[in-house]
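Just below is one structure, and these are the notes that go with it.
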Amino acid sequence: MSNLEGGIVEDLDYSYFQRRIYTLTGIDLKNYKSEQMHRRLSALMARCNAKNFVEFCKLLEKDQKMMQTFKDYFTINVSEFFRDENKFRQLQEDILPLLLKRGQRLDIWSAGCSYGAEPYSVAIILDQITPLTRHTILGTDIDTTILDKAAKADSYTTTDIRSVPAETRTKYFTQTGDKFKLTDRIRSRVVFKQHNLLRDPIQGLYDMILCRNVVIYFTDEAKDTLYHHFWEHLKPGGVLFVGGTEVLNTFKNSGFQTITTSFYRKVA
Ligand SMILES: C[S@@+](CC[C@H](N)C(=O)[O-])C[C@H]1O[C@@H](n2cnc3c(N)ncnc32)[C@H](O)[C@@H]1O
């Protein structure tokens with residue numbers, strides 16, 4: 001087979017793989033950077049001796065454990081409370097007070113929230129600065145297993161809470177063995193729901209949307225579409241909080257204004 005024929009066969013194989021994976025899992029591989037995706041999938045294929053995408057797909061359909069490993073490639077769940085401490089300080093000192101000037105009860109969405117450390121960090125800060133107010137905080141993720149862990153909030157590790165200031169740690173966590181449980185007061189402040197950012201419609205209007213360390217493998221087109229949806233679902237003057245290395249520079253005429261690195265305001 002010539003190189004050209006080989007390439008065409010591989011493309012057809014990959015198209016078949018994309019379609020099957022979408023049907024089986026709801027994951028649309030077209031939204032992920034194809035070079036990185038091919039590199040990562042080749043490594044996984046080599047591990048299970050699959051010679052091409054069709055063979056790999058059949059294997060995933062047969063082997064639930066391998067399917068879970070495959071899904072785990074899209075759901076890198078690394079997180080921690082007050083991840084990127086400086087940003088959380090800015091959130092506490094500048095951004096939330098700014099939002100609270102516009103309305104007393106805030107609607108907040110943490111998109112791609114993993115095991116809950118991110119929305120719970122916001123809940124802790126809000127409890128400290130507005131103890132009598134019940135804000136609405138939604139945490140969503142594509143991964144239902146991780147959302148179960150988020151809702152339980154009872155098995156955080158020392159690493160998960162290493163950036164939590166000592167006083168806050170004492171007030172909001174109890175330790176059993178080497179695990180930390182969040183107090184029910186904060187646990188009850190966040191509602192969790194499964195949601196695929198690349199497929200499912202978005203509901204509601206928010207004062208702040210956090211989407212941090214989630215879009216790393218998304219194509220620029222997928223990111224632009226997502227940021228546009230976020231823009232549509234922010235209230236005027238609402239804030240989008242993104243990860244430290246994420247910028248909105250591909251989102252032309254965005255309607256967002258930079259407040260400072262990682263924080264963008266929807267122009268009213
Ligand atoms: C690295 S964690 C980031 C957690 C948290 N935002 C933080 O910065 O600490 C990325 C999370 O995004 C979720 N995720 C990946 N693709 C997603 C998608 N299409 N829709 C919703 N969540 C997704 C993963 O399941 C994972 O829990």
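Chain labels run A, B, ... following the order of the structure tokens; each chain numbers its residues from 1, and ligands are numbered from 1 in the order shown.
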
* Residues of range 35-254 of chain A in strand (DSSP E), written as a PyMOL selection string -> chain A and resi 107-111+136-141+173-176+179-182+190-194+206-211+234-242

Report as JSON lines the residues of chain A within 6 Å of ligand 1, each with its shortest atom pair and distance in Å (one decimal), using only C-alpha atoms and all ligand atoms, ordered by chain and increasing residue number.
{"residue": "A:Phe74", "atom": "CA", "partner": "ligand 1", "partner_atom_place_in_ligand_line": "15 (C)", "distance": 5.6}
{"residue": "A:Thr75", "atom": "CA", "partner": "ligand 1", "partner_atom_place_in_ligand_line": "25 (O)", "distance": 3.5}
{"residue": "A:Ile76", "atom": "CA", "partner": "ligand 1", "partner_atom_place_in_ligand_line": "1 (C)", "distance": 5.0}
{"residue": "A:Asn77", "atom": "CA", "partner": "ligand 1", "partner_atom_place_in_ligand_line": "27 (O)", "distance": 4.0}
{"residue": "A:Val78", "atom": "CA", "partner": "ligand 1", "partner_atom_place_in_ligand_line": "1 (C)", "distance": 4.6}
{"residue": "A:Ser79", "atom": "CA", "partner": "ligand 1", "partner_atom_place_in_ligand_line": "9 (O)", "distance": 3.5}
{"residue": "A:Glu80", "atom": "CA", "partner": "ligand 1", "partner_atom_place_in_ligand_line": "9 (O)", "distance": 5.5}
{"residue": "A:Arg83", "atom": "CA", "partner": "ligand 1", "partner_atom_place_in_ligand_line": "9 (O)", "distance": 6.0}
{"residue": "A:Gly112", "atom": "CA", "partner": "ligand 1", "partner_atom_place_in_ligand_line": "12 (O)", "distance": 3.8}
{"residue": "A:Cys113", "atom": "CA", "partner": "ligand 1", "partner_atom_place_in_ligand_line": "6 (N)", "distance": 4.5}
{"residue": "A:Ser114", "atom": "CA", "partner": "ligand 1", "partner_atom_place_in_ligand_line": "27 (O)", "distance": 3.4}
{"residue": "A:Glu118", "atom": "CA", "partner": "ligand 1", "partner_atom_place_in_ligand_line": "5 (C)", "distance": 5.7}
{"residue": "A:Asp141", "atom": "CA", "partner": "ligand 1", "partner_atom_place_in_ligand_line": "22 (N)", "distance": 4.0}
{"residue": "A:Ile142", "atom": "CA", "partner": "ligand 1", "partner_atom_place_in_ligand_line": "21 (C)", "distance": 4.0}
{"residue": "A:Asp143", "atom": "CA", "partner": "ligand 1", "partner_atom_place_in_ligand_line": "25 (O)", "distance": 4.9}
{"residue": "A:His195", "atom": "CA", "partner": "ligand 1", "partner_atom_place_in_ligand_line": "21 (C)", "distance": 5.6}
{"residue": "A:Asn196", "atom": "CA", "partner": "ligand 1", "partner_atom_place_in_ligand_line": "20 (N)", "distance": 3.6}
{"residue": "A:Leu197", "atom": "CA", "partner": "ligand 1", "partner_atom_place_in_ligand_line": "20 (N)", "distance": 3.8}
{"residue": "A:Leu198", "atom": "CA", "partner": "ligand 1", "partner_atom_place_in_ligand_line": "19 (N)", "distance": 4.9}
{"residue": "A:Cys211", "atom": "CA", "partner": "ligand 1", "partner_atom_place_in_ligand_line": "6 (N)", "distance": 5.8}
{"residue": "A:Arg212", "atom": "CA", "partner": "ligand 1", "partner_atom_place_in_ligand_line": "8 (O)", "distance": 4.3}
{"residue": "A:Asn213", "atom": "CA", "partner": "ligand 1", "partner_atom_place_in_ligand_line": "8 (O)", "distance": 4.7}
{"residue": "A:Val214", "atom": "CA", "partner": "ligand 1", "partner_atom_place_in_ligand_line": "10 (C)", "distance": 4.3}

* With only C-alpha atoms as the atoms that count, which of A:Gln203, A:Thr158, A:Thr69, A:Thr136 lies nearest to Val191 in chain A? ->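 The shortest atom-to-atom distance to Val191 in chain A comes from A:Thr136.
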
* To do: With a distance cut-off of 9 Å and only C-alpha atoms, select the neighbouring residues of range 22-36 of chain A, excluding the residue or stretch itself and same-chain residues fewer than 3 positions from it, and output the selection as a ChimeraX atom specification.
  => /A:17-19,39-41,61,71,74,196,198-199,215-223

* To do: Using only C-alpha atoms, determine which residues lie at most 10 Å from Phe88 in chain A, disregarding the query and same-chain residues fewer than 4 positions distant; provide the list as a VMD selection string.
  => chain A and resid 81 to 84 92 to 95 118 121 to 122 125

* Just the residues within 10 Å of range 255-260 of chain A, please, counting only C-alpha atoms, with nothing from its chain fewer than 2 positions along; format it as a list in words. =>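 Residues meeting the cut-off are Lys87, Gln90, Ile95, Tyr227, His228, Trp231, Glu232, Gly237, Gly238, Val239, Leu240, Val247, Leu248, Phe251, Lys252, Asn253, Ser262, Phe263, Tyr264, Arg265, Lys266, Val267 and Ala268 of chain A.
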
For those residues, write C-alpha atoms to a file as a short mmCIF file (atom, residue, chain, number, x, y, z; two decimals), in the first residue's frame.
data_model
loop_
_atom_site.label_atom_id
_atom_site.label_comp_id
_atom_site.auth_asym_id
_atom_site.auth_seq_id
_atom_site.Cartn_x
_atom_site.Cartn_y
_atom_site.Cartn_z
CA LYS A 87 -6.02 34.17 41.88
CA GLN A 90 -7.82 38.35 43.96
CA ILE A 95 -13.72 40.28 42.08
CA TYR A 227 -16.49 31.10 25.38
CA HIS A 228 -19.26 32.58 23.28
CA TRP A 231 -20.68 35.13 27.27
CA GLU A 232 -24.35 34.52 26.43
CA GLY A 237 -20.95 42.84 34.01
CA GLY A 238 -20.56 39.15 34.96
CA VAL A 239 -17.11 37.59 35.19
CA LEU A 240 -15.46 34.65 33.44
CA VAL A 247 -6.38 33.43 27.25
CA LEU A 248 -9.33 34.50 25.19
CA PHE A 251 -12.24 34.83 20.52
CA LYS A 252 -12.57 37.78 18.13
CA ASN A 253 -14.87 40.71 19.02
CA SER A 262 -7.56 35.08 34.18
CA PHE A 263 -10.55 37.36 34.87
CA TYR A 264 -12.73 38.71 32.04
CA ARG A 265 -15.81 40.88 32.40
CA LYS A 266 -18.79 40.74 30.08
CA VAL A 267 -19.13 44.23 28.73
CA ALA A 268 -22.47 45.55 29.91
#

* To do: as a PyMOL selection string, please: all residues of range 24-74 of chain A that backbone DSSP puts in helix (DSSP H, G or I).
  => chain A and resi 24-25+29-31+34-47+53-62+64-72

Next, the residues of the selection above should be written as an mmCIF file, in the first residue's frame with C-alpha atoms.
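Contents of the output file again_17.cif:
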data_model
loop_
_atom_site.group_PDB
_atom_site.id
_atom_site.type_symbol
_atom_site.label_atom_id
_atom_site.label_comp_id
_atom_site.auth_asym_id
_atom_site.auth_seq_id
_atom_site.Cartn_x
_atom_site.Cartn_y
_atom_site.Cartn_z
ATOM 1 C CA LEU A 24 -20.952 5.229 22.657
ATOM 2 C CA THR A 25 -19.775 8.016 24.972
ATOM 3 C CA LEU A 29 -13.334 13.936 19.113
ATOM 4 C CA LYS A 30 -13.670 16.631 16.421
ATOM 5 C CA ASN A 31 -13.566 19.196 19.216
ATOM 6 C CA SER A 34 -6.212 16.218 16.431
ATOM 7 C CA GLU A 35 -2.388 16.086 16.587
ATOM 8 C CA GLN A 36 -2.352 15.788 20.391
ATOM 9 C CA MET A 37 -5.302 13.411 20.299
ATOM 10 C CA HIS A 38 -3.584 11.123 17.751
ATOM 11 C CA ARG A 39 -0.403 11.139 19.842
ATOM 12 C CA ARG A 40 -2.209 10.264 23.038
ATOM 13 C CA LEU A 41 -4.458 7.682 21.390
ATOM 14 C CA SER A 42 -1.470 6.004 19.658
ATOM 15 C CA ALA A 43 0.128 5.499 23.068
ATOM 16 C CA LEU A 44 -3.070 3.924 24.388
ATOM 17 C CA MET A 45 -3.483 1.787 21.249
ATOM 18 C CA ALA A 46 0.090 0.505 21.570
ATOM 19 C CA ARG A 47 -0.640 -0.478 25.178
ATOM 20 C CA PHE A 53 -8.551 2.671 15.011
ATOM 21 C CA VAL A 54 -11.153 0.108 13.909
ATOM 22 C CA GLU A 55 -9.473 -2.616 15.940
ATOM 23 C CA PHE A 56 -9.101 -0.230 18.871
ATOM 24 C CA CYS A 57 -12.770 0.684 18.738
ATOM 25 C CA LYS A 58 -13.850 -2.984 18.781
ATOM 26 C CA LEU A 59 -11.625 -3.548 21.778
ATOM 27 C CA LEU A 60 -13.130 -0.606 23.652
ATOM 28 C CA GLU A 61 -16.626 -1.873 22.932
ATOM 29 C CA LYS A 62 -15.751 -5.299 24.390
ATOM 30 C CA GLN A 64 -15.356 -1.869 29.858
ATOM 31 C CA LYS A 65 -12.133 -1.374 31.815
ATOM 32 C CA MET A 66 -10.295 -0.235 28.695
ATOM 33 C CA MET A 67 -13.240 2.026 27.836
ATOM 34 C CA GLN A 68 -12.911 3.609 31.271
ATOM 35 C CA THR A 69 -9.162 4.111 30.697
ATOM 36 C CA PHE A 70 -10.003 5.737 27.372
ATOM 37 C CA LYS A 71 -12.565 8.050 29.004
ATOM 38 C CA ASP A 72 -10.027 8.916 31.691
#

* Structure fact -> Computed gap from CA of Thr144 in chain A to CA of Ser163 in chain A is 25.8 Å

* Go through A:Leu226, A:Val164, A:Ala153, A:Leu138 and flag the residue nearest Val190 in chain A, using only C-alpha atoms for the distances. =>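 Ranked by minimum distance to Val190 in chain A, first place goes to A:Leu138.
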